[in-house]
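One structure is given here, and the rest of the page talks about it.
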Amino acid sequence: MSSLSVAAAAAAPVASLPPATLPVGCRAALRPRASRRSTSVALLPSKGGKFYGLHKSALRRSSRARCSSEVNVETVAANAGDELDAEAQQMLEEYKNKSSSERQNIREPKLRMLLAGLNMDSSGDKMALLERLDSVIELKAEAGNGNGNGNGRKPEEITSRVQDARSRLNRLYEERQELERALRELSQVDSKAPDDLEALKALSIEKPAEPDVKATVEEPVEALEDPPAAVAAPPVEEPSDGEPRIEAIEDEIVVEEAAEAVEPVDAFAAELPGEAEVLELPVEAAVLELPDESTQEDLGDEPAAEVVVAQEEEREEVKEEVVVEAREQVVEEEAEAKIPGPNEAVVEEAKEPAKAPSASVDAAALIRRLKEENSKLQSLLETSGSDETEKPVEEAAPTKVVAQEPPPPPPEPKEPLTEEELYLKYNTHMTYTMPEEIKAGETFTVFFNRKMSPVMHDSPSVFITGAYNGWEYHGFNQQLFPTKYNVTAYEEWWSCELEAPEMAYQLNFVFTDNDARYENNNDMDFNFDMTGGPTKKEYKEWQHKLHLEEQARLAEERAREEAERARKEAIAKAEADKIAAEEKAKEDAERLATEKEEQLRQQRQDEEQAEHEVNDLRNWLRERARKSTMNHYCETSPVPKWYIDAEEATAGEKVKLYYNVTILGWQWANVLYMKVGRDGWNGDEEYISMTRFDEEPKSAGHPELPRDESNDWFVCEVEIPDDAYLLDFVFCTSTVPHEAQYDNNGGADYALKVEGGFGDSDERWDTMIKEKAEVIRVEREEREARDAAWDIERASRKQEMKKSAMQKYRESMRYIYYTEPETPKAGQPCTVYYSPEYTNLHGEKDIWIRGSFNRWRHPHPFQPVKLQKPTDPTKAKGGHLCATINVPADAWCLDFVFTDSADEYGATYDSRGGLDYNVPVEGPAQVEPLHIMHIAVEMAPVAKVGGLADVVTSLSKAVAEEGHTVEAVIPKYDCIDYNRVHWLTQKEGFPFENTYVNVFEGYVEGVKTNFLDIQNGSFNVGCVYGRKDDAARFHFFCHAALEFILKSGRQPHVIHCHDWSSAPVARLFWDNYHQTYMGGSRIVFTIHNLEYGADLIGQAMHASQKATTVSPTYAMEVSGHGAIEPNLGKFVGIRNGIDPDMWDPMNDSFLPMRFSPDNCVEGKAAAKKRLREWLNLRHDDRPLVACVSRLTHQKGIHLIKHAIYRVLDRGGQFVLLGSAPDDRIQGDFEALANELTQFHNGQVHLKLVYDEPLSHLIFAAADCILVPSMFEPCGLTQLIAMRFGCLPIVRKTGGLNDTVFDIDHDQDRAAWAGYEPNGFTFEGTDEEACDYAVNRAINSWYEGRDWWNSIVKRNMEQDWTWNRPALDYIELYYAAHKLQ
């Protein structure tokens, strides 16, 4: 802390100055002594650093003590009153009993400080000095009266006053000596005393000598300048370690009597204007205008440390302003001094007393003026003795004009203190520098007293870390090393040398051990002002200039780099374009070569197919030609049915053909037709009209034919083609196919071998091969074009279905929440609308939204925002509130929940059942994918038993299509259909529990699948289920699957296990693997059917983070089960979906015709025709109802039996496909099949084995599908049926209730779920309930065929794939992963 200087007005007599212009100390000196109450006691530190011996008020009144050699104990003790404690009183009693010599040699620190504190305001010392120095002020004021030149005074008065001044200066010299002795003694306990002592020695005030002769005045004496008083307040120093510290209050001023304060030492010095000639201020001393008495009244009983801080802040605030004022005053005073001309008389004495200068004066100017006053006073004493006797007053010469003396030369610069002198000056400080004045651009040394630091006192190494100019410039870190100045147990000086930059104006630093300790001057750091460098403003301007230059340089550098980058990019682009062009040309050439090769291959394949077909035809024709004749007889008639009138059919000739209609009973016919073709009906066909022949037929070639006048004959002329090998023909009654009756030889047709032509030549058959190959090519290309068009349409519909699923999902949630825009954009605001009407926050007064981004992993989540009513009243109709969220530019998802309080804890949350509300964000940021691993014992189609296999495969595909990584782990059964596994390769295996596990990797339906081949033989048993050790086998597999994940280094976000067979995964993970690097994984468990393995399911429910089942309704139905109820909070129902690639009528090879919603009527008609042909059903216009199911009691087999008869009674047809695992049930249905065939042949068919191709055809052909299950977790049958345009008839249970909405009763429920009515439902389990749904369905088919077809089209357009369930599972995976 810098020393503070207090300047007092001294140019005019004290009594003539207004009190407001005087320093507080001088104003106090004007009061009567009785009102100047002095109550001061010493500061006695305890071992803990606290003070004793006085109370708080005494502590605030105290400052660093300065004492004389003797203390008037009785007087000061009386003044101290009752503020001394017992120990201080005892110390004073002991001091009274000491002799004078013993008092001079006191060494106890506590006693010396006590005596110093008691003595600092005693009337025996301080008041006497005040009175003597106030007399000096009066002397100087009187000496300056009359404009300061003494004109008009008598020589005797001048001589008297000079003698008085000499005597007073003599006393001042003695007081200086006495003060020097006191400071020397006080330096033992006061760290500031040595500084004051040095300042005292610096002033050369010598004892004045007595004149030898009587002084006379030769010329008027120059006016004495009025020296203001100043005092140097030494800086507060920290004592070295081990010494008690004294927290003194510097420069505290005497206040009014009501404040009960006393004048501290520095204020005491401030009351001595003349003392400025004794004490020299340090150059760096600050200037402070002391506050008036009123400001001291508010000090109260604050702690000393707070007062010190407050004074320090006040000093720093006014320091700059006061210095400026002082310098301006000096300049003004010098300017006001008139310089007389050569012929001008000296101005007479002023009529008014001189104005008192301001109480605040620049320290440097003050010291300079004090020194000048001292010099002039000494000059006056030297000249007055001789001049007064030489020139009497009456003989005084005329007044001479005295020329102004030239300004004094500038003071010579002080020599810098040596290293030893600096140490002696600052040995009680914690740090100082050498030289004392740091100059920019020069080297200096920093000293640090390690022992004085409470933080660093025992650090083995010391570093200085700092910078310049408020820590802005030229940072450094340098090690300090011990120095020779380690003279006491409280001193251990370390130092290092630094070089100051030329542009530095301030040094800032702290000391550290470069680890965790810092000595930072009580968080204020160490700050030293510097000289020789710029000012702060100049530095800022320089920094700004450098910044501009740096910006310009960087801009130029960036421009060069950009130009260079652009040049390199242009070169690289040109090179890349060249390479790309070459690669494209190469690829095009390869593509053309591949296409040409493919064309050649297809051409060869077409020619081979044509050759094969033509050769088969040739062989067949030859066999028919061998059997052909020129006539045809029937077994029942001796007369031929037909014959020709020639011996053979010769190519290029015409023959007559006679046909006898009597044999078939066609005598009624007036006209007959002969349909003629050739070579197995290959080639052109024609109808030839036959006419009745009334005459008896004649046959030159067949004279043996018998004649029968009762026969009716028809005749026609036929031209035999030249290139025919065999002539094919039949007889018919009409050219219209569906109106004609045919005689086609019982389906074998009739044929004549052609003779004499080239129909059987090799050239003709080669030509036929070429022609057939061309036909095959055209058909193939047309088929490929149709397939490509279908594929494009399928892809388009699939994409539209995905978008529709998201859109319908959002629309279904709109009654709760929605956003504007519907898809938020990164970097733009988004408004969220929320209605608590249908949530757990219904009725809450205030609602807040809190959330984050990127699945809660964004570094800047948004704080809770209170929802407000929308300004648009149309948006508030549903009770919606709104809040606007600013979406950051790097967001790809907006995540939020709603709560009834802004506080995080204790609030009620709407988090959508733990899934949270999440909205995709459109922007450049990429979605962070999840890694999901399924562990299951089934997987379609390679190891399928039930619906679990379909879920594993289809769900994996759907989640992978959303951009996530999905894998599956299943056992490597010996019954797997490896033809459905692609790119199967063996990977590295691992030993596990006394066996070895081989690992194979392949792809099933595009899903990466890991097959574990466990060498203990437990999975080479020819089946998936059905063994007594199934539980043990699957438990071992689950453990091996987790070990495989660990051994392979995978760290999936979620491990998904299914049903009781892989339920052990959940518990095994937490028992054995969660403390490995797999610990970040979370477990999701899905229940497919609660009828099996309830105990294992309960354990998995407890150990998993999230659990699901396959439909919301089934979740509610089983929520009270003992395996689920304890963990109901983590349980949610998500319906299953179907694989859109496996079940797609637009791409189904089992159907006779591909069809879509646009041509569903034609497609279903073709499928129905094919099915009826396959199952020998009548081709009647009647509804076809089907059932595809396992025959178990769960599936409602009693209702299936009843529905068969009900459909037949209503005139419909019924088809059943399925088998029963129970032999008794299987036998019952076989008996039922025999009965139905006997009584309802052509209207019903029961296929009691599972047939995959037939199931596809049934779904496409049937008008309705029956699913009367007693319970159904989800059910896929009704979903597949609607995909193929088949309306479901179902019982409302489980997933059937979640997917089928009754056409007559569920309009609102369907709209709530985002769908439209799509089928017929019933609730009971009896036959009457089933009849209600069946009757309504059949009535609807009969009564409105167009309406029915519209429902078929609408059902085919509904999305029952995994699109929407996959989104729900992804939300579930994210929710599980964020849980601990």
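Lettering and numbering for the structure tokens are positional, with chains as A, B, ... in the shown order, residues counted from 1 in each chain, and ligands counted from 1 in the shown order.
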Using only C-alpha atoms, which protein or nucleic acid residues come within 8 Å of A:Phe1011? Drop anything in the same chain fewer than 3 positions from it, and give the result as a PDB file with C-alpha atoms, in the first residue's frame.
```
ATOM      1  CA  VAL A 969     -27.246 -63.046 -31.750  1.00  0.00           C
ATOM      2  CA  ILE A 970     -28.929 -66.460 -32.054  1.00  0.00           C
ATOM      3  CA  PRO A 971     -27.869 -70.096 -31.523  1.00  0.00           C
ATOM      4  CA  LYS A 972     -26.484 -71.964 -34.530  1.00  0.00           C
ATOM      5  CA  VAL A 999     -18.748 -67.736 -34.029  1.00  0.00           C
ATOM      6  CA  PHE A1000     -20.257 -67.332 -37.497  1.00  0.00           C
ATOM      7  CA  GLU A1001     -21.352 -64.085 -39.061  1.00  0.00           C
ATOM      8  CA  GLY A1002     -23.932 -63.670 -41.798  1.00  0.00           C
TER       9      GLY A1002
END
```
**Message:** Among stretch 965-1156 of chain A, which ones does DSSP assign to alpha helix (DSSP H) (computed from the backbone)? Answer as a PyMOL selection string.
**Reply:** chain A and resi 1030-1047+1059-1062+1064-1072+1094-1103+1112-1117
